[in-house]
$ cat input_3.txt   # compact mmCIF, C-alpha atoms
# COMPACT_ATOMS: atom_id res chain seq x y z
CA MET A 1 185.27 145.46 -41.34
CA THR A 2 184.31 141.84 -41.04
CA THR A 3 185.65 141.63 -37.48
CA GLY A 4 183.89 144.84 -36.35
CA GLN A 5 187.23 146.20 -35.14
CA PRO A 6 188.72 149.59 -36.02
CA MET A 7 190.87 149.55 -39.15
CA ARG A 8 194.60 150.04 -38.88
CA GLU A 9 195.68 153.49 -40.07
CA PRO A 10 197.74 152.33 -43.11
CA THR A 11 194.77 150.17 -44.22
CA PHE A 12 192.42 153.14 -44.00
CA HIS A 13 194.71 155.30 -46.12
CA VAL A 14 195.32 152.54 -48.68
CA LEU A 15 191.54 152.17 -49.16
CA ALA A 16 190.95 155.93 -49.18
CA ALA A 17 193.63 156.40 -51.87
CA MET A 18 191.65 154.17 -54.26
CA LEU A 19 188.32 156.04 -53.89
CA ASP A 20 188.85 157.89 -57.17
CA GLY A 21 189.70 154.79 -59.19
CA PRO A 22 192.22 151.98 -59.64
CA LEU A 23 195.85 152.72 -58.78
CA HIS A 24 199.13 150.79 -58.87
CA GLY A 25 201.47 150.44 -55.86
CA TYR A 26 203.37 153.70 -56.21
CA GLY A 27 200.14 155.49 -57.21
CA ILE A 28 198.58 154.45 -53.87
CA ILE A 29 201.64 155.66 -51.95
CA ARG A 30 201.56 159.04 -53.75
CA ARG A 31 197.78 159.49 -53.38
CA ALA A 32 197.84 158.66 -49.64
CA HIS A 33 200.67 161.18 -49.25
CA GLU A 34 198.63 163.86 -51.04
CA LEU A 35 195.37 163.12 -49.19
CA THR A 36 197.06 163.47 -45.82
CA ASP A 37 199.03 166.62 -46.75
CA GLY A 38 202.29 164.69 -46.56
CA ARG A 39 201.61 163.22 -43.12
CA VAL A 40 201.39 159.60 -44.32
CA ARG A 41 204.12 158.12 -46.47
CA LEU A 42 203.52 154.41 -46.86
CA ALA A 43 206.56 152.14 -47.21
CA ALA A 44 206.32 149.48 -49.92
CA GLY A 45 206.59 146.64 -47.38
CA THR A 46 203.68 148.09 -45.39
CA LEU A 47 201.60 148.76 -48.51
CA TYR A 48 201.85 145.25 -49.94
CA ALA A 49 201.20 143.62 -46.54
CA ALA A 50 197.99 145.70 -46.34
CA LEU A 51 197.01 144.95 -49.97
CA ASP A 52 197.44 141.18 -49.42
CA ARG A 53 195.08 141.23 -46.44
CA LEU A 54 192.61 143.52 -48.17
CA ARG A 55 192.47 141.24 -51.19
CA ASP A 56 192.10 138.27 -48.87
CA THR A 57 189.07 139.83 -47.18
CA GLY A 58 187.54 140.96 -50.47
CA LEU A 59 187.86 144.70 -49.86
CA VAL A 60 190.27 145.22 -52.75
CA ASP A 61 190.76 143.39 -56.04
CA ILE A 62 193.17 143.51 -58.94
CA ASP A 63 191.71 145.70 -61.69
CA HIS A 64 194.23 145.05 -64.46
CA GLU A 65 197.91 144.41 -65.06
CA GLU A 66 200.40 145.97 -67.43
CA ILE A 67 204.11 145.55 -68.12
CA VAL A 68 206.24 148.66 -67.59
CA ASP A 69 210.04 148.48 -68.11
CA GLY A 70 209.76 144.70 -68.16
CA ARG A 71 208.04 144.63 -64.80
CA ALA A 72 204.51 143.59 -63.86
CA ARG A 73 202.49 146.55 -62.64
CA ARG A 74 199.17 145.68 -61.00
CA TYR A 75 196.37 148.17 -60.59
CA TYR A 76 194.15 147.69 -57.56
CA ARG A 77 190.58 148.85 -57.09
CA LEU A 78 188.12 149.08 -54.22
CA THR A 79 185.36 146.49 -54.27
CA GLY A 80 181.81 147.29 -53.14
CA ALA A 81 182.59 145.73 -49.76
CA GLY A 82 185.79 147.81 -49.55
CA ARG A 83 183.92 151.05 -50.24
CA GLU A 84 181.34 150.15 -47.59
CA ALA A 85 184.02 149.21 -45.04
CA LEU A 86 185.78 152.53 -45.66
CA ARG A 87 182.50 154.43 -45.24
CA THR A 88 181.76 152.57 -41.98
CA GLU A 89 185.22 153.34 -40.64
CA ALA A 90 184.96 157.00 -41.62
CA ARG A 91 181.59 157.25 -39.81
CA ARG A 92 183.08 155.61 -36.72
CA MET A 93 186.01 158.05 -36.75
CA ALA A 94 183.66 161.02 -37.27
CA ARG A 95 181.50 159.92 -34.32
CA ALA A 96 184.60 159.55 -32.12
CA ALA A 97 185.92 162.96 -33.22
CA LYS A 98 182.52 164.61 -32.64
CA LEU A 99 182.38 163.20 -29.13
CA VAL A 100 185.79 164.57 -28.24
CA LEU A 101 185.23 167.96 -29.88
CA ARG A 102 181.89 168.37 -28.07
CA GLN A 103 183.51 167.57 -24.72
CA ALA A 104 186.59 169.69 -25.38
CA GLY A 105 184.53 172.78 -26.19
CA PRO A 106 185.32 175.54 -28.74
CA GLU A 107 188.91 176.09 -29.86
CA GLN A 108 190.86 178.76 -27.97
CA MET Y 109 219.77 145.50 -62.82
CA THR Y 110 220.78 148.72 -61.07
CA PRO Y 111 222.76 148.59 -57.79
CA LEU Y 112 219.69 149.94 -55.94
CA GLU Y 113 217.46 147.20 -57.33
CA GLY Y 114 220.01 144.52 -56.38
CA ARG Y 115 220.20 145.90 -52.86
CA TYR Y 116 216.41 146.05 -52.41
CA ARG Y 117 216.16 142.52 -53.82
CA ARG Y 118 218.54 141.27 -51.10
CA TRP Y 119 216.46 142.92 -48.35
CA MET Y 120 213.39 140.94 -49.47
CA VAL Y 121 214.97 137.86 -47.93
CA THR Y 122 212.32 137.56 -45.18
CA TYR Y 123 209.51 136.99 -47.72
CA PRO Y 124 208.64 133.35 -48.48
CA THR Y 125 210.22 132.06 -51.71
CA GLU Y 126 206.91 131.34 -53.43
CA TYR Y 127 205.63 134.83 -52.53
CA ARG Y 128 208.80 136.42 -53.93
CA GLN Y 129 208.37 134.52 -57.18
CA GLN Y 130 204.91 136.06 -57.61
CA HIS Y 131 205.34 139.57 -56.20
CA GLN Y 132 209.03 140.51 -56.11
CA SER Y 133 209.03 142.20 -59.50
CA GLU Y 134 205.98 144.33 -58.64
CA ILE Y 135 207.28 145.35 -55.18
CA LEU Y 136 210.71 146.19 -56.64
CA GLY Y 137 209.02 148.34 -59.29
CA THR Y 138 207.20 150.29 -56.57
CA LEU Y 139 210.38 150.69 -54.51
CA LEU Y 140 212.30 151.99 -57.53
CA GLU Y 141 209.51 154.42 -58.46
CA ALA Y 142 209.47 155.73 -54.89
CA ALA Y 143 213.27 156.16 -54.82
CA GLY Y 144 214.94 159.47 -55.60
CA PRO Y 145 216.60 159.92 -59.05
CA ALA Y 146 220.18 159.69 -57.76
CA GLN Y 147 219.48 157.20 -54.99
CA THR Y 148 221.77 154.17 -54.97
CA TRP Y 149 221.23 152.84 -51.44
CA PRO Y 150 217.93 151.62 -49.95
CA SER Y 151 216.33 153.91 -47.39
CA LEU Y 152 216.33 152.60 -43.82
CA ARG Y 153 212.55 153.09 -43.60
CA GLU Y 154 211.92 150.92 -46.66
CA VAL Y 155 214.39 148.25 -45.48
CA VAL Y 156 212.71 147.96 -42.06
CA ALA Y 157 209.27 147.81 -43.72
CA LEU Y 158 210.49 145.09 -46.10
CA LEU Y 159 211.94 142.97 -43.28
CA ILE Y 160 208.80 143.31 -41.13
CA GLY Y 161 206.52 142.98 -44.18
CA GLY Y 162 208.22 139.68 -45.08
CA LEU Y 163 207.76 138.27 -41.58
CA ARG Y 164 204.13 139.45 -41.52
CA THR Y 165 203.53 137.83 -44.87
CA ARG Y 166 204.95 134.56 -43.54
CA ALA Y 167 202.61 134.74 -40.53
CA TRP Y 168 199.65 135.59 -42.77
CA LEU Y 169 200.31 132.71 -45.16
CA ALA Y 170 200.90 130.32 -42.24
CA GLY Y 171 197.51 131.31 -40.79
CA LYS Y 172 195.81 130.06 -43.95
CA GLU Y 173 196.90 126.46 -43.35
CA PRO Y 174 194.87 124.57 -40.72
CA GLY Y 175 196.93 123.80 -37.64
CA ARG Y 176 200.04 125.50 -39.00
CA LEU Y 177 200.23 128.28 -36.38
CA TRP Y 178 199.95 125.78 -33.52
CA ALA Y 179 202.40 123.35 -35.15
CA ASP Y 180 205.00 126.07 -35.74
CA GLY Y 181 204.54 127.69 -32.31
CA LEU Y 182 205.02 124.39 -30.47
CA ARG Y 183 207.97 123.52 -32.72
CA ILE Y 184 209.71 126.87 -32.11
CA GLY Y 185 209.17 126.44 -28.34
CA ALA Y 186 210.78 122.99 -28.42
CA ILE Y 187 213.67 124.29 -30.57
CA VAL Y 188 214.38 127.08 -28.03
CA PHE Y 189 214.33 124.55 -25.19
CA LEU Y 190 216.78 122.24 -27.00
CA ILE Y 191 219.10 125.17 -27.79
CA GLN Y 192 219.13 126.21 -24.14
CA THR Y 193 219.87 122.63 -23.10
CA CYS Y 194 222.85 122.46 -25.50
CA SER Y 195 224.22 125.75 -24.09
CA PHE Y 196 223.80 124.58 -20.52
CA ALA Y 197 225.43 121.18 -21.18
CA ILE Y 198 228.42 122.81 -22.95
CA SER Y 199 228.93 125.40 -20.20
CA VAL Y 200 228.74 122.82 -17.38
CA SER Y 201 231.20 120.56 -19.20
CA LEU Y 202 233.62 123.45 -19.72
CA VAL Y 203 233.57 125.10 -16.31
CA SER Y 204 233.08 122.15 -13.99
CA THR Y 205 235.86 121.88 -11.41
CA VAL Y 206 234.68 118.53 -10.01
CA VAL Y 207 237.54 116.05 -9.67
CA VAL Y 208 236.16 112.78 -10.93
CA ASP Y 209 237.45 110.26 -8.40
CA SER Y 210 234.45 108.02 -7.96
CA ILE Y 211 231.92 106.17 -10.07
CA SER Y 212 229.11 108.39 -8.78
CA GLN Y 213 230.91 111.60 -9.78
CA LEU Y 214 231.71 110.05 -13.14
CA ALA Y 215 228.00 109.30 -13.61
CA VAL Y 216 227.07 112.88 -12.76
CA MET Y 217 229.67 114.41 -15.10
CA ALA Y 218 229.17 111.89 -17.90
CA GLN Y 219 225.53 112.87 -18.23
CA TYR Y 220 226.39 116.27 -19.77
CA PRO Y 221 228.06 115.03 -22.99
CA VAL Y 222 225.14 112.58 -23.33
CA VAL Y 223 222.65 115.41 -22.71
CA LEU Y 224 224.46 117.52 -25.32
CA ALA Y 225 224.45 114.70 -27.90
CA LEU Y 226 220.76 113.94 -27.34
CA ALA Y 227 219.71 117.61 -27.35
CA ALA Y 228 221.72 118.26 -30.54
CA GLY Y 229 220.23 115.16 -32.15
CA GLY Y 230 216.72 116.23 -31.12
CA LEU Y 231 217.39 119.70 -32.51
CA VAL Y 232 218.55 118.41 -35.89
CA ALA Y 233 215.60 116.00 -36.08
CA LEU Y 234 213.12 118.75 -35.23
CA ALA Y 235 214.69 121.18 -37.69
CA ARG Y 236 214.18 118.56 -40.39
CA ALA Y 237 210.55 118.11 -39.27
CA ARG Y 238 211.25 114.60 -37.89
CA VAL Y 239 209.03 115.08 -34.86
CA ILE Y 240 208.92 111.43 -33.78
CA ALA Y 241 212.73 111.09 -33.94
CA SER Y 242 213.07 114.29 -31.90
CA LEU Y 243 210.56 112.98 -29.35
CA GLY Y 244 212.63 109.78 -29.11
CA THR Y 245 215.80 111.68 -28.13
CA VAL Y 246 213.91 113.75 -25.55
CA VAL Y 247 212.25 110.68 -24.03
CA VAL Y 248 215.63 108.89 -23.74
CA MET Y 249 216.94 111.94 -21.87
CA VAL Y 250 214.61 111.42 -18.89
CA PRO Y 251 216.04 108.01 -17.75
CA VAL Y 252 219.59 109.25 -18.50
CA GLN Y 253 219.21 112.17 -16.15
CA LEU Y 254 217.35 110.12 -13.54
CA ALA Y 255 220.14 107.51 -13.60
CA ALA Y 256 222.86 110.16 -13.29
CA ARG Y 257 221.14 111.83 -10.37
CA THR Y 258 220.41 108.52 -8.64
CA ALA Y 259 224.06 107.46 -9.00
CA GLY Y 260 225.41 110.76 -7.67
CA GLN Y 261 226.17 110.82 -3.93
CA TYR Y 262 224.31 113.85 -2.75
CA VAL Y 263 224.07 114.97 0.87
CA PRO Y 264 221.31 114.96 1.95
CA PRO Y 265 220.01 112.23 -0.39
CA LEU Y 266 217.85 113.47 -3.24
CA THR Y 267 214.10 113.09 -3.12
CA TRP Y 268 211.99 112.14 -6.13
CA LEU Y 269 211.34 115.81 -6.70
CA ASP Y 270 215.05 116.61 -6.92
CA MET Y 271 215.64 113.79 -9.35
CA LEU Y 272 212.85 114.46 -11.79
CA PRO Y 273 214.31 116.40 -14.75
CA VAL Y 274 211.22 118.57 -15.01
CA GLY Y 275 211.98 120.43 -18.28
CA TRP Y 276 212.36 117.25 -20.30
CA PRO Y 277 208.93 115.72 -19.59
CA LEU Y 278 207.41 119.09 -20.50
CA ALA Y 279 209.38 119.23 -23.76
CA ALA Y 280 208.46 115.59 -24.44
CA GLY Y 281 204.80 116.51 -23.86
CA ILE Y 282 204.99 119.28 -26.45
CA LEU Y 283 206.63 116.99 -28.98
CA ALA Y 284 204.10 114.26 -28.16
CA ILE Y 285 201.25 116.68 -28.98
CA LEU Y 286 202.94 117.43 -32.30
CA ALA Y 287 203.56 113.76 -33.02
CA ALA Y 288 200.10 112.59 -31.96
CA SER Y 289 198.13 115.01 -34.10
CA PRO Y 290 198.30 114.06 -37.80
CA SER Y 291 197.35 117.59 -38.84
CA LEU Y 292 200.19 119.13 -36.77
CA ARG Y 293 202.74 116.42 -37.61
CA SER Y 294 202.15 116.72 -41.32
CA VAL Y 295 203.16 120.39 -41.37
CA ARG Y 296 206.61 120.36 -43.00
CA HIS Y 297 208.33 123.51 -44.11
CA ALA Y 298 211.84 124.42 -45.11
CA TRP Y 299 211.82 127.41 -42.75
CA THR Y 300 212.52 125.23 -39.68
CA TRP Y 301 215.90 124.18 -41.06
CA ARG Y 302 216.97 127.75 -41.91
CA ALA Y 303 215.52 129.27 -38.73
CA THR Y 304 217.14 126.62 -36.54
CA SER Y 305 220.51 127.23 -38.22
CA LEU Y 306 220.15 130.91 -37.33
CA ALA Y 307 218.98 130.16 -33.78
CA VAL Y 308 221.93 127.81 -33.21
CA ALA Y 309 224.09 130.97 -33.24
CA ALA Y 310 222.57 131.64 -29.80
CA ILE Y 311 224.33 128.58 -28.35
CA PRO Y 312 227.86 130.09 -28.08
CA LEU Y 313 226.39 133.37 -26.81
CA GLN Y 314 224.32 131.70 -24.12
CA THR Y 315 227.19 129.35 -23.22
CA LEU Y 316 229.49 132.36 -22.70
CA CYS Y 317 226.86 134.00 -20.47
CA PHE Y 318 226.56 130.85 -18.35
CA ILE Y 319 230.37 130.59 -18.05
CA ALA Y 320 230.70 134.29 -17.20
CA LEU Y 321 228.00 133.99 -14.54
CA ASP Y 322 229.64 130.88 -13.09
CA ARG Y 323 233.10 132.51 -12.98
CA ASP Y 324 231.92 135.80 -11.53
CA PHE Y 325 229.34 134.20 -9.29
CA ARG Y 326 230.93 135.60 -6.14
CA LEU Y 327 231.30 139.08 -7.56
CA VAL Y 328 227.56 139.43 -8.10
CA PRO Y 329 225.34 140.40 -5.15
CA PRO Y 330 223.55 137.17 -4.05
CA LEU Y 331 220.11 138.59 -4.70
CA LEU Y 332 221.01 139.30 -8.32
CA VAL Y 333 222.16 135.75 -9.10
CA PRO Y 334 218.69 134.23 -9.67
CA LEU Y 335 217.72 137.29 -11.71
CA LEU Y 336 220.80 137.04 -13.95
CA LEU Y 337 220.44 133.27 -14.40
CA GLY Y 338 216.73 133.71 -15.12
CA ALA Y 339 217.56 136.47 -17.60
CA VAL Y 340 220.00 134.29 -19.55
CA GLU Y 341 217.95 131.09 -19.38
CA VAL Y 342 214.39 132.29 -19.73
CA ILE Y 343 213.76 136.02 -19.91
CA ALA Y 344 216.12 136.91 -22.81
CA PRO Y 345 214.90 134.19 -25.21
CA ALA Y 346 211.26 134.86 -24.24
CA ALA Y 347 211.77 138.61 -24.74
CA ILE Y 348 213.27 138.08 -28.23
CA LEU Y 349 210.30 135.89 -29.16
CA LEU Y 350 207.85 138.45 -27.78
CA VAL Y 351 209.43 141.32 -29.73
CA TRP Y 352 209.13 139.17 -32.87
CA ALA Y 353 205.47 138.46 -32.03
CA VAL Y 354 204.57 142.09 -31.34
CA VAL Y 355 206.39 143.58 -34.35
CA THR Y 356 205.00 141.09 -36.86
CA GLY Y 357 201.61 140.27 -35.27
CA ASP Y 358 202.60 136.61 -35.44
CA PRO Y 359 201.13 134.39 -32.68
CA ARG Y 360 203.69 131.61 -33.25
CA PRO Y 361 206.61 133.24 -31.38
CA SER Y 362 204.32 134.25 -28.53
CA LEU Y 363 203.22 130.60 -28.15
CA ALA Y 364 206.90 129.63 -28.17
CA ALA Y 365 207.66 132.31 -25.54
CA THR Y 366 204.94 130.86 -23.31
CA ILE Y 367 206.53 127.41 -23.59
CA CYS Y 368 209.96 128.87 -22.88
CA LEU Y 369 208.66 130.68 -19.78
CA ALA Y 370 206.67 127.66 -18.57
CA ILE Y 371 209.68 125.31 -18.80
CA GLY Y 372 211.93 127.91 -17.17
CA VAL Y 373 209.49 128.46 -14.30
CA ALA Y 374 209.03 124.74 -13.75
CA GLY Y 375 212.81 124.23 -13.60
CA GLN Y 376 213.31 127.17 -11.26
CA ALA Y 377 210.50 126.03 -8.97
CA GLN Y 378 212.00 122.55 -8.81
CA THR Y 379 215.44 123.97 -7.93
CA LEU Y 380 213.97 126.07 -5.14
CA VAL Y 381 211.88 123.27 -3.68
CA ALA Y 382 214.77 120.82 -3.91
CA ALA Y 383 217.17 123.31 -2.28
CA SER Y 384 214.71 123.82 0.56
CA HIS Y 385 215.62 120.34 1.86
CA TYR Y 386 219.01 121.64 2.92
CA LEU Y 387 219.21 122.71 6.56
CA ASN Y 388 220.86 126.08 5.92
CA PHE Y 389 218.56 126.97 3.01
CA GLN Y 390 216.54 130.14 3.35
CA TRP Y 391 213.81 131.08 0.94
CA SER Y 392 214.63 134.41 -0.57
CA GLU Y 393 211.65 136.68 -0.93
CA TYR Y 394 213.31 138.03 -4.04
CA GLU Y 395 213.53 134.61 -5.70
CA LEU Y 396 209.91 133.87 -4.87
CA LYS Y 397 208.73 137.18 -6.28
CA LEU Y 398 210.69 136.56 -9.46
CA LEU Y 399 209.25 133.08 -9.77
CA VAL Y 400 205.67 134.21 -9.19
CA THR Y 401 206.08 137.14 -11.60
CA VAL Y 402 207.44 134.95 -14.40
CA MET Y 403 204.75 132.33 -13.69
CA MET Y 404 202.02 134.97 -13.97
CA ALA Y 405 203.61 136.34 -17.15
CA ALA Y 406 203.64 132.85 -18.68
CA GLY Y 407 199.97 132.33 -17.72
CA ALA Y 408 198.89 135.70 -19.08
CA LEU Y 409 200.84 135.14 -22.27
CA LEU Y 410 199.29 131.73 -22.81
CA VAL Y 411 195.76 133.08 -22.34
CA THR Y 412 196.47 136.04 -24.67
CA THR Y 413 198.05 133.80 -27.28
CA VAL Y 414 195.32 131.19 -27.29
CA ARG Y 415 192.63 133.86 -27.41
CA SER Y 416 194.39 135.76 -30.17
CA GLN Y 417 192.32 136.19 -33.28
CA ARG Y 418 194.91 134.70 -35.58
CA LEU Y 419 195.12 131.47 -33.58
CA SER Y 420 191.36 131.16 -33.59
CA GLY Y 421 191.40 131.71 -37.32
CA ILE Y 422 190.06 135.25 -37.54
CA GLY Y 423 192.32 137.74 -39.25
CA ARG Y 424 192.41 141.49 -38.78
CA THR Y 425 193.01 143.65 -41.78
$ encode --input "input_3.txt" --output "structure tokens"
Amino acid sequence: MTTGQPMREPTFHVLAAMLDGPLHGYGIIRRAHELTDGRVRLAAGTLYAALDRLRDTGLVDIDHEEIVDGRARRYYRLTGAGREALRTEARRMARAAKLVLRQAGPEQ
Amino acid sequence: MTPLEGRYRRWMVTYPTEYRQQHQSEILGTLLEAAGPAQTWPSLREVVALLIGGLRTRAWLAGKEPGRLWADGLRIGAIVFLIQTCSFAISVSLVSTVVVDSISQLAVMAQYPVVLALAAGGLVALARARVIASLGTVVVMVPVQLAARTAGQYVPPLTWLDMLPVGWPLAAGILAILAASPSLRSVRHAWTWRATSLAVAAIPLQTLCFIALDRDFRLVPPLLVPLLLGAVEVIAPAAILLVWAVVTGDPRPSLAATICLAIGVAGQAQTLVAASHYLNFQWSEYELKLLVTVMMAAGALLVTTVRSQRLSGIGRT
């Protein structure tokens, strides 16, 4: 992240959902749901607020647009900076998890 | 358009108009895809996310304009102050039992309709982004209140501290900052008119609270009176603004809450110091603690708000 702060959880899942390629709004919601085994179900209001900020900071861009049932459907893709930010965040989370798991000892 | 689409469309009311024009169709498409096949009513989760998402989008777009967050925060603070002043002036005019039998009492009582007219005028001017006109009404208020208090026959006589209407110079200072800075003054948006119309609904509510407190004054334990008055005047409006700030990540309402708390604390401190001139006055430890607590809260809030990333122009994704 440009600010060096941890990413918000919805932002992390929105970025992670696009790792395999461009997706439209509902595609991102569905993919995030699958990746988290149903734990995360993004609401549309939350998703688009995150996408606006991610586009603003250059982590996500519009890949292409199509018209479905008379409606604009935009597909979003990760940019190089977005992929790198996601990788950095994942490393940070892995380090934090490793620290806790080492301190907590083996599972009972 | 299906009933579900129409209903979702209505819940997108918190998004800015220009944003809706560009993105409404896409967001509606996503909402309809995510809905169940037989669903005809929006889900509560989606509705809440839309309302908050709209407010967050407003804050995000406002942060892109230089000076906009400061201009709006100061303006919301001044609007809240003017609304409180209207409520107070209406409640005093309605519940006052003073028999006007002298010129001095007439001067004291006559100030409230004038206060109400000036505060309402200042509110309308500010809502229409006429900052200098609003500043004019607030500045006129200071000599009006000074004259009324000077004319009133108080025992013991009032000192300069009792007579100074402390909230008004503070409000005038805020408006003067807005008026003096071309970048802040030039910020004009339609939201102020709509938001002020909504906020005006607080006037009858607050007026009723003031009247209820005045009527049941003797039924309330004495120690609770300053707390209840403080709650109606300062703490409730500041709390509403803070909830708005926390839920939407918008620094503008938290700046307004700081102003609201600062004006409230200044007024309360003046009342306490002025009352201390009376022979039978006793400082209540409870009142002092409340005052100090609210003062510290206002200070902490101001520091947090000013240091917030959004106000210093750095966004967090």
$ closest_atom_pairs --input "input_3.txt" --of "chain Y" --to "chain A" --cutoff "9 Å" --atoms "only C-alpha atoms" --output "CSV"
residue,atom,partner,partner_atom,distance
Y:His131,CA,A:Ala72,CA,8.7
Y:Ser133,CA,A:Arg71,CA,5.9
Y:Glu134,CA,A:Ala72,CA,5.5
Y:Ile135,CA,A:Ala44,CA,6.8
Y:Leu136,CA,A:Ala44,CA,8.7
Y:Gly137,CA,A:Arg71,CA,6.7
Y:Thr138,CA,A:Tyr26,CA,5.1
Y:Leu139,CA,A:Ala44,CA,6.2
Y:Glu141,CA,A:Tyr26,CA,6.6
Y:Ala142,CA,A:Tyr26,CA,6.6
Y:Arg153,CA,A:Ala43,CA,7.1
Y:Glu154,CA,A:Ala43,CA,5.5
Y:Val155,CA,A:Gly45,CA,8.2
Y:Val156,CA,A:Gly45,CA,8.2
Y:Ala157,CA,A:Gly45,CA,4.7
Y:Leu158,CA,A:Gly45,CA,4.4
Y:Leu159,CA,A:Gly45,CA,7.7
Y:Ile160,CA,A:Gly45,CA,7.4
Y:Gly161,CA,A:Gly45,CA,4.9
Y:Gly162,CA,A:Gly45,CA,7.5
Y:Arg164,CA,A:Ala49,CA,7.2
Y:Thr165,CA,A:Ala49,CA,6.5
Y:Trp168,CA,A:Arg53,CA,8.1
Y:Ile422,CA,A:Thr3,CA,7.8
Y:Gly423,CA,A:Thr3,CA,7.9
Y:Arg424,CA,A:Thr3,CA,6.9
Y:Thr425,CA,A:Arg53,CA,5.6
$ closest_residue --input "input_3.txt" --among "A:Leu19, A:Met93, A:Val14, A:Val100" --to "Gly80 of chain A" --atoms "all atoms listed in the file"
A:Leu19
$ closest_residue --input "input_3.txt" --among "A:Glu65, A:Leu99, A:Met18, A:Glu107" --to "Thr79 of chain A" --atoms "all atoms listed in the file"
A:Met18
$ atom_distance --input "input_3.txt" --atom1 "atom CA of Ala382 of chain Y" --atom2 "atom CA of Val274 of chain Y"
11.9 Å
$ atom_distance --input "input_3.txt" --atom1 "atom CA of Ala377 of chain Y" --atom2 "atom CA of Leu409 of chain Y"
18.8 Å
$ residues_around --input "input_3.txt" --residues "Leu363 of chain Y" --least-positions-apart "5" --cutoff "7 Å" --atoms "only C-alpha atoms" --output "short mmCIF file (atom, residue, chain, number, x, y, z; two decimals) with C-alpha atoms, in the coordinates of the input"
data_model
loop_
_atom_site.label_atom_id
_atom_site.label_comp_id
_atom_site.auth_asym_id
_atom_site.auth_seq_id
_atom_site.Cartn_x
_atom_site.Cartn_y
_atom_site.Cartn_z
CA GLY Y 181 204.54 127.69 -32.31
CA LEU Y 182 205.02 124.39 -30.47
CA LEU Y 410 199.29 131.73 -22.81
CA THR Y 413 198.05 133.80 -27.28
#
$ atom_distance --input "input_3.txt" --atom1 "atom CA of Ile343 of chain Y" --atom2 "atom CA of Val203 of chain Y"
22.9 Å
$ residues_around --input "input_3.txt" --residues "segment 242-248 of chain Y" --least-positions-apart "2" --cutoff "10 Å" --atoms "only C-alpha atoms" --output "PyMOL selection string"
chain Y and resi 186+190+223+225-240+250-253+276-284+286-287
$ closest_residue --input "input_3.txt" --among "Y:Leu140, Y:Ile184, Y:Ala170, Y:Ala288" --to "Thr304 of chain Y" --atoms "only C-alpha atoms"
Y:Ile184
$ residues_around --input "input_3.txt" --residues "Gln147 of chain Y" --least-positions-apart "2" --cutoff "12 Å" --atoms "all atoms listed in the file" --output "ChimeraX atom specification"
/Y:110-113,115-116,139-145,149-151
$ residues_around --input "input_3.txt" --residues "Ala405 of chain Y" --least-positions-apart "2" --cutoff "12 Å" --atoms "all atoms listed in the file" --output "PyMOL selection string"
chain Y and resi 342-343+346-347+350+362+365-370+372-373+398-403+407-413
$ closest_residue --input "input_3.txt" --among "A:His64, A:Lys98, A:Arg92, A:Arg77" --to "Asp20 of chain A" --atoms "only C-alpha atoms"
A:Arg77
$ closest_residue --input "input_3.txt" --among "A:Leu101, A:Leu23, A:Ala85, A:Ala16" --to "Asp61 of chain A" --atoms "all atoms listed in the file"
A:Leu23
